Structure formats: C-alpha cells, structure tokens
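For reference, run_39.csv is printed below; it contains CSV, C-alpha atoms and all ligand atoms.
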```
chain,number,residue,atom,x,y,z
F,254,MET,CA,-29.0,-26.3,-94.0
F,255,LYS,CA,-25.8,-24.5,-93.0
F,256,GLY,CA,-25.3,-21.4,-91.0
F,257,VAL,CA,-22.6,-19.2,-89.7
F,258,LEU,CA,-22.3,-17.0,-86.6
F,259,VAL,CA,-20.9,-13.6,-87.6
F,260,SER,CA,-20.0,-11.4,-84.6
F,261,ALA,CA,-17.2,-9.1,-83.4
F,262,THR,CA,-17.8,-10.2,-79.9
F,263,LEU,CA,-19.6,-13.6,-79.6
F,264,LYS,CA,-18.3,-17.1,-80.1
F,265,LEU,CA,-20.4,-20.2,-80.6
F,266,ASP,CA,-20.5,-21.8,-77.2
F,267,GLU,CA,-21.8,-25.2,-76.1
F,268,VAL,CA,-25.2,-23.6,-75.1
F,269,PHE,CA,-25.8,-22.4,-78.6
F,270,ARG,CA,-24.4,-25.4,-80.4
F,271,SER,CA,-26.6,-27.8,-78.4
F,272,ALA,CA,-29.7,-25.6,-78.7
F,273,PHE,CA,-29.4,-25.7,-82.5
F,274,ALA,CA,-28.6,-29.5,-82.5
F,275,ALA,CA,-31.7,-30.1,-80.3
F,276,GLU,CA,-33.9,-28.2,-82.7
F,277,ASP,CA,-32.5,-29.9,-85.9
F,278,ALA,CA,-29.5,-32.2,-85.7
F,279,SER,CA,-29.0,-32.0,-89.5
F,280,VAL,CA,-28.2,-28.3,-89.4
F,281,GLU,CA,-24.6,-27.2,-89.3
F,282,LEU,CA,-23.9,-24.0,-87.5
F,283,LEU,CA,-20.3,-22.8,-87.8
F,284,MET,CA,-17.9,-20.0,-86.9
F,285,PRO,CA,-16.5,-18.2,-90.0
F,286,GLU,CA,-13.1,-19.9,-89.6
F,287,GLU,CA,-14.8,-23.3,-89.8
F,288,VAL,CA,-16.4,-22.6,-93.1
F,289,ASP,CA,-14.7,-24.3,-96.1
F,290,ASP,CA,-16.8,-23.0,-98.9
F,291,PRO,CA,-18.7,-19.7,-98.2
F,292,ALA,CA,-21.1,-20.5,-101.0
F,293,THR,CA,-22.6,-23.4,-99.0
F,294,ILE,CA,-23.9,-21.0,-96.2
F,295,ASP,CA,-27.7,-20.5,-96.2
F,296,PHE,CA,-28.2,-18.4,-93.1
F,297,ALA,CA,-26.3,-16.1,-90.8
F,298,LEU,CA,-26.8,-15.5,-87.1
F,299,ALA,CA,-25.3,-12.2,-86.2
F,300,TRP,CA,-24.5,-9.8,-83.4
F,301,ARG,CA,-22.4,-6.8,-84.2
F,302,PRO,CA,-21.1,-8.3,-87.3
F,303,PRO,CA,-17.8,-6.7,-88.4
F,304,GLN,CA,-18.4,-4.5,-91.4
F,305,GLY,CA,-18.3,-6.3,-94.8
F,306,VAL,CA,-18.1,-9.8,-93.4
F,307,LEU,CA,-21.7,-10.9,-94.2
F,308,LYS,CA,-21.3,-10.1,-97.9
F,309,ARG,CA,-18.7,-12.9,-98.1
F,310,TYR,CA,-21.4,-15.5,-98.2
F,311,PRO,CA,-22.9,-15.3,-101.8
F,312,ASN,CA,-25.9,-17.6,-101.2
F,313,LEU,CA,-27.1,-16.2,-97.9
F,314,LYS,CA,-30.9,-16.3,-97.8
F,315,VAL,CA,-31.5,-14.6,-94.4
F,316,ILE,CA,-29.7,-12.8,-91.6
F,317,CYS,CA,-31.0,-13.3,-88.0
F,318,SER,CA,-30.1,-11.0,-85.2
F,319,ILE,CA,-29.3,-13.0,-82.0
F,320,ALA,CA,-31.2,-10.1,-80.2
F,321,ALA,CA,-34.4,-8.2,-80.2
F,322,GLY,CA,-32.7,-5.3,-81.9
F,323,VAL,CA,-31.3,-5.2,-85.4
F,324,ASP,CA,-29.5,-1.9,-85.3
F,325,ASN,CA,-26.3,-3.9,-84.8
F,326,ILE,CA,-26.8,-5.5,-88.3
F,327,LEU,CA,-28.3,-2.6,-90.2
F,328,ALA,CA,-25.2,-0.6,-89.3
F,329,ASP,CA,-23.2,-2.6,-91.9
F,330,PRO,CA,-23.0,-0.4,-95.0
F,331,GLU,CA,-22.2,-3.5,-97.1
F,332,LEU,CA,-25.1,-5.5,-95.8
F,333,PRO,CA,-26.2,-8.1,-98.4
F,334,ASP,CA,-29.7,-7.5,-99.8
F,335,VAL,CA,-31.5,-10.3,-97.9
F,336,PRO,CA,-34.2,-10.3,-95.3
F,337,VAL,CA,-33.1,-9.4,-91.7
F,338,VAL,CA,-34.9,-11.1,-88.8
F,339,ARG,CA,-35.1,-10.3,-85.1
F,340,MET,CA,-35.8,-12.5,-82.1
F,341,VAL,CA,-39.2,-12.1,-80.4
F,342,ASP,CA,-39.0,-13.8,-77.0
F,343,PRO,CA,-41.9,-13.4,-74.5
F,344,GLU,CA,-39.5,-14.6,-71.8
F,345,GLN,CA,-37.0,-11.9,-72.7
F,346,ALA,CA,-39.7,-9.2,-72.4
F,347,GLU,CA,-40.7,-10.5,-69.0
F,348,ALA,CA,-37.0,-10.5,-67.9
F,349,MET,CA,-36.7,-6.9,-69.1
F,350,ALA,CA,-39.9,-5.9,-67.2
F,351,LEU,CA,-38.4,-7.4,-63.9
F,352,PHE,CA,-35.1,-5.7,-64.5
F,353,VAL,CA,-36.8,-2.3,-65.0
F,354,ILE,CA,-39.0,-2.8,-62.0
F,355,TRP,CA,-35.9,-3.4,-59.8
F,356,HIS,CA,-34.5,-0.1,-61.0
F,357,VAL,CA,-37.8,1.7,-60.4
F,358,ILE,CA,-37.9,0.5,-56.8
F,359,TRP,CA,-34.2,1.4,-56.4
F,360,TYR,CA,-35.1,5.0,-57.2
F,361,GLN,CA,-38.5,5.1,-55.5
F,362,ARG,CA,-37.3,3.6,-52.1
F,363,ARG,CA,-33.9,5.5,-52.3
F,364,PHE,CA,-31.6,2.4,-52.1
F,365,ASP,CA,-28.8,4.7,-53.3
F,366,LEU,CA,-29.1,6.5,-49.9
F,367,TYR,CA,-29.4,3.3,-47.9
F,368,LEU,CA,-26.2,2.0,-49.4
F,369,GLU,CA,-24.4,5.2,-48.5
F,370,GLN,CA,-25.9,5.1,-45.0
F,371,GLN,CA,-24.8,1.5,-44.5
F,372,GLU,CA,-21.3,2.4,-45.5
F,373,ALA,CA,-21.3,5.2,-43.0
F,374,GLN,CA,-23.1,3.0,-40.4
F,375,VAL,CA,-26.0,5.5,-40.3
F,376,TRP,CA,-29.5,4.3,-39.1
F,377,ARG,CA,-31.9,6.7,-40.8
F,378,ARG,CA,-35.3,5.9,-42.3
F,379,GLN,CA,-36.1,7.7,-45.6
F,380,PRO,CA,-39.6,8.8,-46.3
F,381,GLN,CA,-41.7,5.9,-47.7
F,382,ARG,CA,-42.9,6.7,-51.2
F,383,SER,CA,-45.7,4.7,-52.7
F,384,ALA,CA,-46.1,3.2,-56.2
F,385,THR,CA,-49.2,5.3,-56.7
F,386,ASP,CA,-47.1,8.4,-56.1
F,387,THR,CA,-44.5,7.4,-58.6
F,388,THR,CA,-45.4,8.1,-62.2
F,389,VAL,CA,-43.4,6.0,-64.7
F,390,ALA,CA,-43.2,6.5,-68.4
F,391,VAL,CA,-42.0,4.0,-71.0
F,392,LEU,CA,-40.5,5.4,-74.3
F,393,GLY,CA,-41.2,2.8,-77.0
F,394,LEU,CA,-44.2,0.4,-76.8
F,395,GLY,CA,-42.8,-2.5,-78.8
F,396,ARG,CA,-42.6,-6.0,-77.4
F,397,MET,CA,-40.2,-5.0,-74.5
F,398,GLY,CA,-41.9,-1.7,-73.8
F,399,SER,CA,-45.5,-2.9,-73.8
F,400,VAL,CA,-44.8,-5.8,-71.4
F,401,THR,CA,-42.7,-3.6,-69.1
F,402,ALA,CA,-45.4,-0.8,-69.1
F,403,GLN,CA,-48.2,-3.3,-68.3
F,404,ARG,CA,-46.2,-5.0,-65.5
F,405,LEU,CA,-45.5,-1.6,-63.9
F,406,ALA,CA,-49.2,-0.6,-64.3
F,407,GLY,CA,-50.2,-3.9,-62.6
F,408,LEU,CA,-48.0,-3.0,-59.6
F,409,GLY,CA,-49.9,0.3,-59.2
F,410,TYR,CA,-47.6,2.8,-60.8
F,411,PRO,CA,-49.4,5.4,-62.8
F,412,THR,CA,-48.0,4.5,-66.2
F,413,LEU,CA,-47.6,6.4,-69.4
F,414,GLY,CA,-46.2,5.1,-72.7
F,415,TRP,CA,-44.9,6.8,-75.8
F,416,ALA,CA,-45.6,5.2,-79.1
F,417,ARG,CA,-45.0,6.2,-82.7
F,418,SER,CA,-48.7,6.2,-83.5
F,419,PRO,CA,-51.7,6.3,-81.2
F,420,ARG,CA,-52.8,2.9,-79.8
F,421,THR,CA,-54.4,1.4,-76.8
F,422,LEU,CA,-52.7,-0.7,-74.1
F,423,GLU,CA,-54.7,-1.8,-71.1
F,424,GLY,CA,-53.8,0.0,-67.9
F,425,VAL,CA,-51.4,2.4,-69.7
F,426,GLU,CA,-52.0,5.9,-70.8
F,427,VAL,CA,-50.5,6.0,-74.3
F,428,VAL,CA,-49.4,9.2,-75.9
F,429,SER,CA,-47.7,9.8,-79.2
F,430,GLY,CA,-45.9,12.5,-81.3
F,431,GLY,CA,-44.0,15.5,-80.1
F,432,GLU,CA,-46.9,16.8,-78.0
F,433,GLY,CA,-47.4,13.4,-76.3
F,434,LEU,CA,-43.7,13.4,-75.4
F,435,GLU,CA,-44.0,16.8,-73.8
F,436,THR,CA,-46.9,15.7,-71.7
F,437,LEU,CA,-45.1,12.5,-70.7
F,438,LEU,CA,-41.9,14.3,-69.7
F,439,ALA,CA,-43.7,16.9,-67.6
F,440,ARG,CA,-45.5,14.2,-65.6
F,441,ALA,CA,-43.0,11.3,-65.2
F,442,ASP,CA,-40.9,10.7,-62.2
F,443,VAL,CA,-39.1,7.9,-64.0
F,444,VAL,CA,-38.5,7.8,-67.7
F,445,ILE,CA,-37.6,4.3,-69.1
F,446,ASN,CA,-36.1,4.1,-72.6
F,447,LEU,CA,-37.0,0.9,-74.6
F,448,LEU,CA,-37.0,2.4,-78.0
F,449,PRO,CA,-35.3,0.7,-81.0
F,450,LEU,CA,-32.3,2.6,-82.3
F,451,THR,CA,-33.2,4.3,-85.6
F,452,ALA,CA,-32.2,7.6,-87.3
F,453,GLU,CA,-35.2,9.2,-85.5
F,454,THR,CA,-34.3,8.0,-82.0
F,455,ARG,CA,-30.5,8.4,-82.1
F,456,GLY,CA,-29.5,11.1,-79.6
F,457,LEU,CA,-33.1,11.5,-78.3
F,458,LEU,CA,-32.0,11.4,-74.7
F,459,ASP,CA,-30.2,14.7,-74.7
F,460,GLY,CA,-29.9,17.9,-72.7
F,461,ALA,CA,-33.1,19.4,-74.2
F,462,LEU,CA,-35.1,16.3,-73.2
F,463,PHE,CA,-33.6,16.2,-69.7
F,464,ALA,CA,-34.5,19.9,-69.3
F,465,ARG,CA,-38.1,19.0,-69.9
F,466,MET,CA,-38.1,16.2,-67.3
F,467,LYS,CA,-39.4,16.9,-63.8
F,468,PRO,CA,-36.8,18.1,-61.3
F,469,GLY,CA,-35.6,15.1,-59.3
F,470,ALA,CA,-36.7,12.6,-62.0
F,471,TYR,CA,-34.8,9.5,-62.9
F,472,LEU,CA,-33.7,7.9,-66.2
F,473,ILE,CA,-33.6,4.2,-66.9
F,474,GLN,CA,-31.8,3.6,-70.1
F,475,MET,CA,-32.2,0.1,-71.5
F,476,GLY,CA,-32.4,0.8,-75.2
F,477,ARG,CA,-29.1,1.4,-77.1
F,478,GLY,CA,-26.1,3.4,-76.2
F,479,PRO,CA,-26.4,6.0,-79.1
F,480,HIS,CA,-29.9,7.0,-77.8
F,481,LEU,CA,-28.1,8.9,-75.0
F,482,VAL,CA,-25.9,11.9,-75.2
F,483,GLU,CA,-23.7,10.9,-72.3
F,484,ARG,CA,-22.2,14.3,-71.4
F,485,ASP,CA,-25.7,15.8,-71.4
F,486,LEU,CA,-26.8,13.2,-68.8
F,487,LEU,CA,-23.8,13.9,-66.6
F,488,ALA,CA,-24.6,17.7,-66.7
F,489,ALA,CA,-28.2,17.0,-65.8
F,490,VAL,CA,-27.3,14.7,-62.9
F,491,ASP,CA,-24.4,16.8,-61.7
F,492,SER,CA,-26.5,20.0,-61.7
F,493,GLY,CA,-29.0,18.1,-59.5
F,494,HIS,CA,-31.9,18.5,-62.0
F,495,LEU,CA,-32.1,14.7,-62.4
F,496,ALA,CA,-31.8,12.4,-59.4
F,497,GLY,CA,-29.7,9.9,-61.3
F,498,ALA,CA,-29.8,7.2,-63.9
F,499,SER,CA,-29.6,3.4,-64.4
F,500,LEU,CA,-27.7,2.6,-67.6
F,501,ASP,CA,-27.4,-0.8,-69.2
F,502,VAL,CA,-26.2,0.2,-72.7
F,503,PHE,CA,-23.5,2.6,-73.7
F,504,GLU,CA,-22.0,4.5,-76.7
F,505,GLN,CA,-18.9,2.3,-76.3
F,506,GLU,CA,-19.3,-1.3,-75.0
F,507,PRO,CA,-17.7,-2.5,-72.9
F,508,LEU,CA,-17.8,0.8,-71.1
F,509,PRO,CA,-14.1,1.8,-71.0
F,510,PRO,CA,-12.2,1.7,-67.8
F,511,GLY,CA,-11.9,5.2,-66.2
F,512,HIS,CA,-15.2,6.3,-67.7
F,513,THR,CA,-17.0,8.8,-65.3
F,514,PHE,CA,-20.1,6.6,-65.2
F,515,TRP,CA,-18.2,3.8,-63.4
F,516,THR,CA,-17.7,5.8,-60.2
F,517,HIS,CA,-20.5,8.3,-60.3
F,518,PRO,CA,-22.5,8.1,-57.1
F,519,ARG,CA,-25.9,8.7,-58.8
F,520,ILE,CA,-25.4,6.4,-61.8
F,521,LEU,CA,-25.9,2.7,-61.8
F,522,VAL,CA,-24.0,0.8,-64.5
F,523,THR,CA,-24.8,-2.7,-65.7
F,524,PRO,CA,-23.0,-4.5,-68.6
F,525,HIS,CA,-25.8,-4.7,-71.3
F,526,CYS,CA,-27.3,-7.6,-69.4
F,527,ALA,CA,-31.0,-6.5,-68.8
F,528,SER,CA,-32.4,-9.4,-70.8
F,529,ASP,CA,-31.4,-11.8,-73.6
F,530,ALA,CA,-33.4,-14.0,-75.9
F,531,THR,CA,-32.8,-17.6,-74.7
F,532,ALA,CA,-30.5,-19.9,-76.8
F,533,ASP,CA,-33.4,-22.3,-77.4
F,534,LEU,CA,-35.6,-19.6,-78.7
F,535,VAL,CA,-32.8,-18.3,-80.9
F,536,ALA,CA,-32.4,-21.8,-82.4
F,537,VAL,CA,-36.1,-22.2,-83.0
F,538,GLN,CA,-36.7,-18.8,-84.6
F,539,THR,CA,-33.5,-18.7,-86.6
F,540,LEU,CA,-34.2,-22.1,-88.1
F,541,ALA,CA,-37.8,-21.2,-88.8
F,542,ALA,CA,-36.6,-18.1,-90.6
F,543,ALA,CA,-34.0,-20.0,-92.6
F,544,ARG,CA,-36.5,-22.7,-93.6
F,545,ALA,CA,-39.0,-20.1,-94.7
F,546,ALA,CA,-36.3,-18.2,-96.7
F,547,LEU,CA,-35.3,-21.5,-98.4
F,548,ALA,CA,-38.9,-22.4,-99.2
F,549,GLY,CA,-39.7,-18.8,-100.4
F,550,THR,CA,-42.5,-18.4,-97.9
F,551,GLU,CA,-43.1,-15.5,-95.6
F,552,ILE,CA,-40.3,-15.1,-93.1
F,553,PRO,CA,-41.5,-14.8,-89.4
F,554,ASN,CA,-40.3,-11.7,-87.5
F,555,GLY,CA,-38.7,-10.0,-90.5
F,556,VAL,CA,-37.9,-6.4,-89.9
F,557,ASN,CA,-38.6,-3.4,-92.1
F,558,LYS,CA,-35.1,-2.2,-92.9
F,559,THR,CA,-36.2,1.3,-93.6
F,560,ASP,CA,-37.9,1.7,-90.2
F,561,GLY,CA,-35.1,-0.1,-88.5
F,562,TYR,CA,-37.2,-2.5,-86.4
F,601,LIG,C1,-30.4,-7.0,-76.5
F,601,LIG,O1,-29.8,-6.0,-76.4
F,601,LIG,C2,-31.4,-7.3,-77.5
F,601,LIG,O2,-31.7,-6.4,-78.3
F,601,LIG,O3,-32.0,-8.4,-77.4
```

Could you render the structure from this file as structure tokens?
Ligand code: GLV
Amino acid sequence: MKGVLVSATLKLDEVFRSAFAAEDASVELLMPEEVDDPATIDFALAWRPPQGVLKRYPNLKVICSIAAGVDNILADPELPDVPVVRMVDPEQAEAMALFVIWHVIWYQRRFDLYLEQQEAQVWRRQPQRSATDTTVAVLGLGRMGSVTAQRLAGLGYPTLGWARSPRTLEGVEVVSGGEGLETLLARADVVINLLPLTAETRGLLDGALFARMKPGAYLIQMGRGPHLVERDLLAAVDSGHLAGASLDVFEQEPLPPGHTFWTHPRILVTPHCASDATADLVAVQTLAAARAALAGTEIPNGVNKTDGY
C-alpha cells in the first residue's frame, strides 16, 4: 500500500514515518513531492489539505484526517468522492479532559489575579471557591466532550452537557435542543466548547450566546476557530459581562502577531495544542482504514460527510 500526506502545514517527520513503519514496514508513506506516479497512491493522510490537491490522486480509496476533526478536509470543495475517516483516540480524549480541567481551575481559583498579584508583589488571598460551587457545561458530547464532562463530574463539579439529541451520560445532566441550551447557559459558570465544526455550529459562540451566559462566567473554547465570533467575545469580556476566556483555536491559525487576544489580560491563548492523536494511533487507524477500503469491507471511524463528523 502507498499513501501520501497532504497538508498545508505538516511535514512527515521521523515520528510519523517510524510509527507507520512499525505498524507495517511494507507500507510507503510519502510527501506529495516524493510521489512519482499519483495513480499508485491508495490512501491519503490529511490535515488542512490545500484545496484541490487530494483530487490529483485518481485511485485514492480513503482520506484519513490526522485529527479527531474532519472539517479541515470537508472544507475542500474539490474533495474526491471517497470515504473520509477521523482518528478516535481514547488517550487524546483524556489529554483534552486534563487540559480543560486545568483551565477550569485557573478560573475557579483566580490564577489570573494571583499572576497579577505576584507581578505587583501583592500578598492577598482570594476567596476559595469549591468545585461543587462551580457549575460547568460542555457543549458537544462526542468522544472528547463525554470524557471531559465525566472527568469534571468525577471531580465534584456540577456538570451539564449539551448534545444534539437526548441521551444519558453517567454523572452528567444532559440537555439538548434550543431549550436545553438556554437552561445550560443560564446555569453554567464555565462553558466549554467541544463541538465539531459544522454548518449548524459555525458562529454559535456569538454575542447573543454570551448575553445568555451568567454574568462573570468563563468560556473555554477548544473546538474550532470558526465556532467563535472573536469581536463578540472581546465585547463581552471588555464590558465585564464575561470574566474571560481560554482559547486554543482561532479563526486564523497561527494567531497573527498583534492580534488583541495575545495581550488581553483576561484571555489565555494556547497554540491549538490541547490534545493530539498519538502518531502510533494515527498509523494503526489509518492503515486499518486503508486496508478496509482496499478490501471493500466496512471502514472503521468513517464520518458522515453530510453531518460533518
Ligand atoms: C485537533 O484539533 C483534532 O481535531 O484532533
């Protein structure tokens, strides 16, 4: 089998090459410039593929996202008509949960103030707020969202979750639909976005939503940049309605130098690093998908292109 990595931003490094070699030494995984004959390529591994590049491989059987999300691939208007697969990594979901928990505690225990106080050499104890007094809400109960919600619930945070359709999740109060979202926003001290990016969720985090959040509430945005209307967030934080936000994903990545978020005292910026699927898992799941596609059997972790996840 032969595959190609198609990405505007990633190169095949040693970690990925050796993960694929360890999984199956007979597989060739190449960068586009290393491919002699595009007709020999069976599968593509992709992350933000430049538009129109994937269609250059006429015998492609499957396209695998290197990530949990596939919006980066479905955005190509010239996408070949082959199955698209996402990575499903339990370790990645646990890493996401830990990353989110850190941000929840940052807000709950006012580390923003402690950092300012240290800078000014001020010794002042802030009121201690308990987990049970901090209601958290997770938007999106997919693999990332469910694990994150359950880990937060396990730590004693009253936890709400918003899902597309009603379901049960131990320890988590699940709400759905427009009415469910209203309930959740009215009660949550921390709103955590882990939704997939689809036509329905694009721009969901806007001024209208922030206005329905509790005064002093906090946003943790770990989904995709286009979920958020950036200027609306700035307005909500600058007016004092929201206490602040932690942002890992942005409309434009890398976040451009000089962007207001970089220096905003109530906004924490991280470079889309919350959690990645491991290279070993990417190798195993990509090759399983490619083998299934070649054999004509059911492809594991295929996405519904209409739903977008
Ligand atoms: C990272 O953003 C992912 O979707 O895995």

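If you measure from each of F:Leu422, F:Ala321, F:Leu258, F:Ile316 to Thr531 (chain F) using all atoms listed in the file, the closest one turns out to be F:Ala321.
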
Open item on the list: For a test of reading the model, state the distance in Å between CA of Phe463 (chain F) and CA of Asp529 (chain F), rounded to one decimal.
Closed with: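 It comes out at 28.4 Å.
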
Exercise answer, 12 Å around ligand LIG 601 (chain F) with all atoms listed in the file, as a PDB file with C-alpha atoms, in the coordinates of the input:
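Just written: selection-v2.pdb:
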```
ATOM      1  CA  ALA F 299     -25.300 -12.200 -86.200  1.00  0.00           C
ATOM      2  CA  TRP F 300     -24.500  -9.800 -83.400  1.00  0.00           C
ATOM      3  CA  ARG F 301     -22.400  -6.800 -84.200  1.00  0.00           C
ATOM      4  CA  CYS F 317     -31.000 -13.300 -88.000  1.00  0.00           C
ATOM      5  CA  SER F 318     -30.100 -11.000 -85.200  1.00  0.00           C
ATOM      6  CA  ILE F 319     -29.300 -13.000 -82.000  1.00  0.00           C
ATOM      7  CA  ALA F 320     -31.200 -10.100 -80.200  1.00  0.00           C
ATOM      8  CA  ALA F 321     -34.400  -8.200 -80.200  1.00  0.00           C
ATOM      9  CA  GLY F 322     -32.700  -5.300 -81.900  1.00  0.00           C
ATOM     10  CA  VAL F 323     -31.300  -5.200 -85.400  1.00  0.00           C
ATOM     11  CA  ASP F 324     -29.500  -1.900 -85.300  1.00  0.00           C
ATOM     12  CA  ASN F 325     -26.300  -3.900 -84.800  1.00  0.00           C
ATOM     13  CA  ILE F 326     -26.800  -5.500 -88.300  1.00  0.00           C
ATOM     14  CA  VAL F 338     -34.900 -11.100 -88.800  1.00  0.00           C
ATOM     15  CA  ARG F 339     -35.100 -10.300 -85.100  1.00  0.00           C
ATOM     16  CA  MET F 340     -35.800 -12.500 -82.100  1.00  0.00           C
ATOM     17  CA  VAL F 341     -39.200 -12.100 -80.400  1.00  0.00           C
ATOM     18  CA  ASP F 342     -39.000 -13.800 -77.000  1.00  0.00           C
ATOM     19  CA  PRO F 343     -41.900 -13.400 -74.500  1.00  0.00           C
ATOM     20  CA  GLU F 344     -39.500 -14.600 -71.800  1.00  0.00           C
ATOM     21  CA  GLN F 345     -37.000 -11.900 -72.700  1.00  0.00           C
ATOM     22  CA  ALA F 346     -39.700  -9.200 -72.400  1.00  0.00           C
ATOM     23  CA  ALA F 348     -37.000 -10.500 -67.900  1.00  0.00           C
ATOM     24  CA  MET F 349     -36.700  -6.900 -69.100  1.00  0.00           C
ATOM     25  CA  GLY F 395     -42.800  -2.500 -78.800  1.00  0.00           C
ATOM     26  CA  ARG F 396     -42.600  -6.000 -77.400  1.00  0.00           C
ATOM     27  CA  MET F 397     -40.200  -5.000 -74.500  1.00  0.00           C
ATOM     28  CA  LEU F 447     -37.000   0.900 -74.600  1.00  0.00           C
ATOM     29  CA  LEU F 448     -37.000   2.400 -78.000  1.00  0.00           C
ATOM     30  CA  PRO F 449     -35.300   0.700 -81.000  1.00  0.00           C
ATOM     31  CA  LEU F 450     -32.300   2.600 -82.300  1.00  0.00           C
ATOM     32  CA  GLN F 474     -31.800   3.600 -70.100  1.00  0.00           C
ATOM     33  CA  MET F 475     -32.200   0.100 -71.500  1.00  0.00           C
ATOM     34  CA  GLY F 476     -32.400   0.800 -75.200  1.00  0.00           C
ATOM     35  CA  ARG F 477     -29.100   1.400 -77.100  1.00  0.00           C
ATOM     36  CA  GLY F 478     -26.100   3.400 -76.200  1.00  0.00           C
ATOM     37  CA  ASP F 501     -27.400  -0.800 -69.200  1.00  0.00           C
ATOM     38  CA  VAL F 502     -26.200   0.200 -72.700  1.00  0.00           C
ATOM     39  CA  PHE F 503     -23.500   2.600 -73.700  1.00  0.00           C
ATOM     40  CA  GLU F 506     -19.300  -1.300 -75.000  1.00  0.00           C
ATOM     41  CA  PRO F 524     -23.000  -4.500 -68.600  1.00  0.00           C
ATOM     42  CA  HIS F 525     -25.800  -4.700 -71.300  1.00  0.00           C
ATOM     43  CA  CYS F 526     -27.300  -7.600 -69.400  1.00  0.00           C
ATOM     44  CA  ALA F 527     -31.000  -6.500 -68.800  1.00  0.00           C
ATOM     45  CA  SER F 528     -32.400  -9.400 -70.800  1.00  0.00           C
ATOM     46  CA  ASP F 529     -31.400 -11.800 -73.600  1.00  0.00           C
ATOM     47  CA  ALA F 530     -33.400 -14.000 -75.900  1.00  0.00           C
ATOM     48  CA  THR F 531     -32.800 -17.600 -74.700  1.00  0.00           C
ATOM     49  CA  ALA F 532     -30.500 -19.900 -76.800  1.00  0.00           C
ATOM     50  CA  LEU F 534     -35.600 -19.600 -78.700  1.00  0.00           C
ATOM     51  CA  VAL F 535     -32.800 -18.300 -80.900  1.00  0.00           C
ATOM     52  CA  TYR F 562     -37.200  -2.500 -86.400  1.00  0.00           C
TER      53      TYR F 562
END
```

- [ ] Place a sphere of radius 9 Å on (-18.5, -18.7, -94.9) in the file coordinates and name every protein, DNA or RNA residue with an atom inside or on its surface, counting only C-alpha atoms; give the answer as a list in words.
- [x]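 Residues with an atom close enough to that point: Gly256, Val257, Leu283, Met284, Pro285, Glu286, Glu287, Val288, Asp289, Asp290, Pro291, Ala292, Thr293, Ile294, Leu307, Arg309, Tyr310 and Pro311 of chain F.
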
- [ ] Excluding region 372-385 of chain F and residues on its chain fewer than 2 positions from it, collect all residues at most 8 Å away from it, counting all atoms listed in the file, and give them as a VMD selection string.
- [x] chain F and resid 361 to 363 368 to 370 387 to 388 408 to 411

TODO: Compile the contact shell of Ser279 (chain F) as a list in words: residues with an atom at most 12 Å away, counting all atoms listed in the file, same-chain residues fewer than 4 positions apart removed.
DONE: Met254, Lys255, Gly256, Phe273, Ala274, Ala275 and Leu540 of chain F

Neighbour list for region 390-392 of chain F as a compact mmCIF listing (two decimals) with C-alpha atoms, in the coordinates of the input, cut-off 6 Å, all atoms listed in the file, skip fewer than 5 positions in-chain:
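Listing of part.txt after writing:
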```txt
# COMPACT_ATOMS: atom_id res chain seq x y z
CA THR F 412 -48.00 4.50 -66.20
CA LEU F 413 -47.60 6.40 -69.40
CA GLY F 414 -46.20 5.10 -72.70
CA TRP F 415 -44.90 6.80 -75.80
CA ALA F 441 -43.00 11.30 -65.20
CA VAL F 444 -38.50 7.80 -67.70
CA ILE F 445 -37.60 4.30 -69.10
CA ASN F 446 -36.10 4.10 -72.60
CA LEU F 447 -37.00 0.90 -74.60
CA LEU F 448 -37.00 2.40 -78.00
```

Open item on the list: My list of candidates is F:Leu394, F:Leu500, F:Met466, F:Leu327. Which is closest to Asn557 (chain F) when distances are computed with all atoms listed in the file?
Closed with: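 Looking at the shortest contact to Asn557 (chain F), the residue is F:Leu327.
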
- [ ] Have a look at F:Ala464, F:Ala439, F:Leu495, F:Ala536 and name the one nearest to Ser271 (chain F); count only C-alpha atoms.
- [x] F:Ala536

TODO: Within 9 Å of Leu462 (chain F), counting all atoms listed in the file, which residues show up once you throw out same-chain ones fewer than 4 positions away? Write them as a list in words, please.
DONE: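 The contact residues come out as Glu435, Leu438, Leu457, Leu458 and Met466 of chain F.
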
TODO: Give as an NGL selection string the set of residues within 7 Å of the point (-47.6, 11.8, -82.1), where distances use the file's coordinates and all atoms listed in the file.
DONE: :F and (417-419 or 428-433)

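You will find CA of Pro518 (chain F) at 20.1 Å from CA of Phe352 (chain F).
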
Task: Straight-line distance linking CA of Asp442 (chain F) with CA of Asp560 (chain F), stated in Å to one decimal - done: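 For CA of Asp442 (chain F) relative to CA of Asp560 (chain F), the distance reads 29.6 Å.
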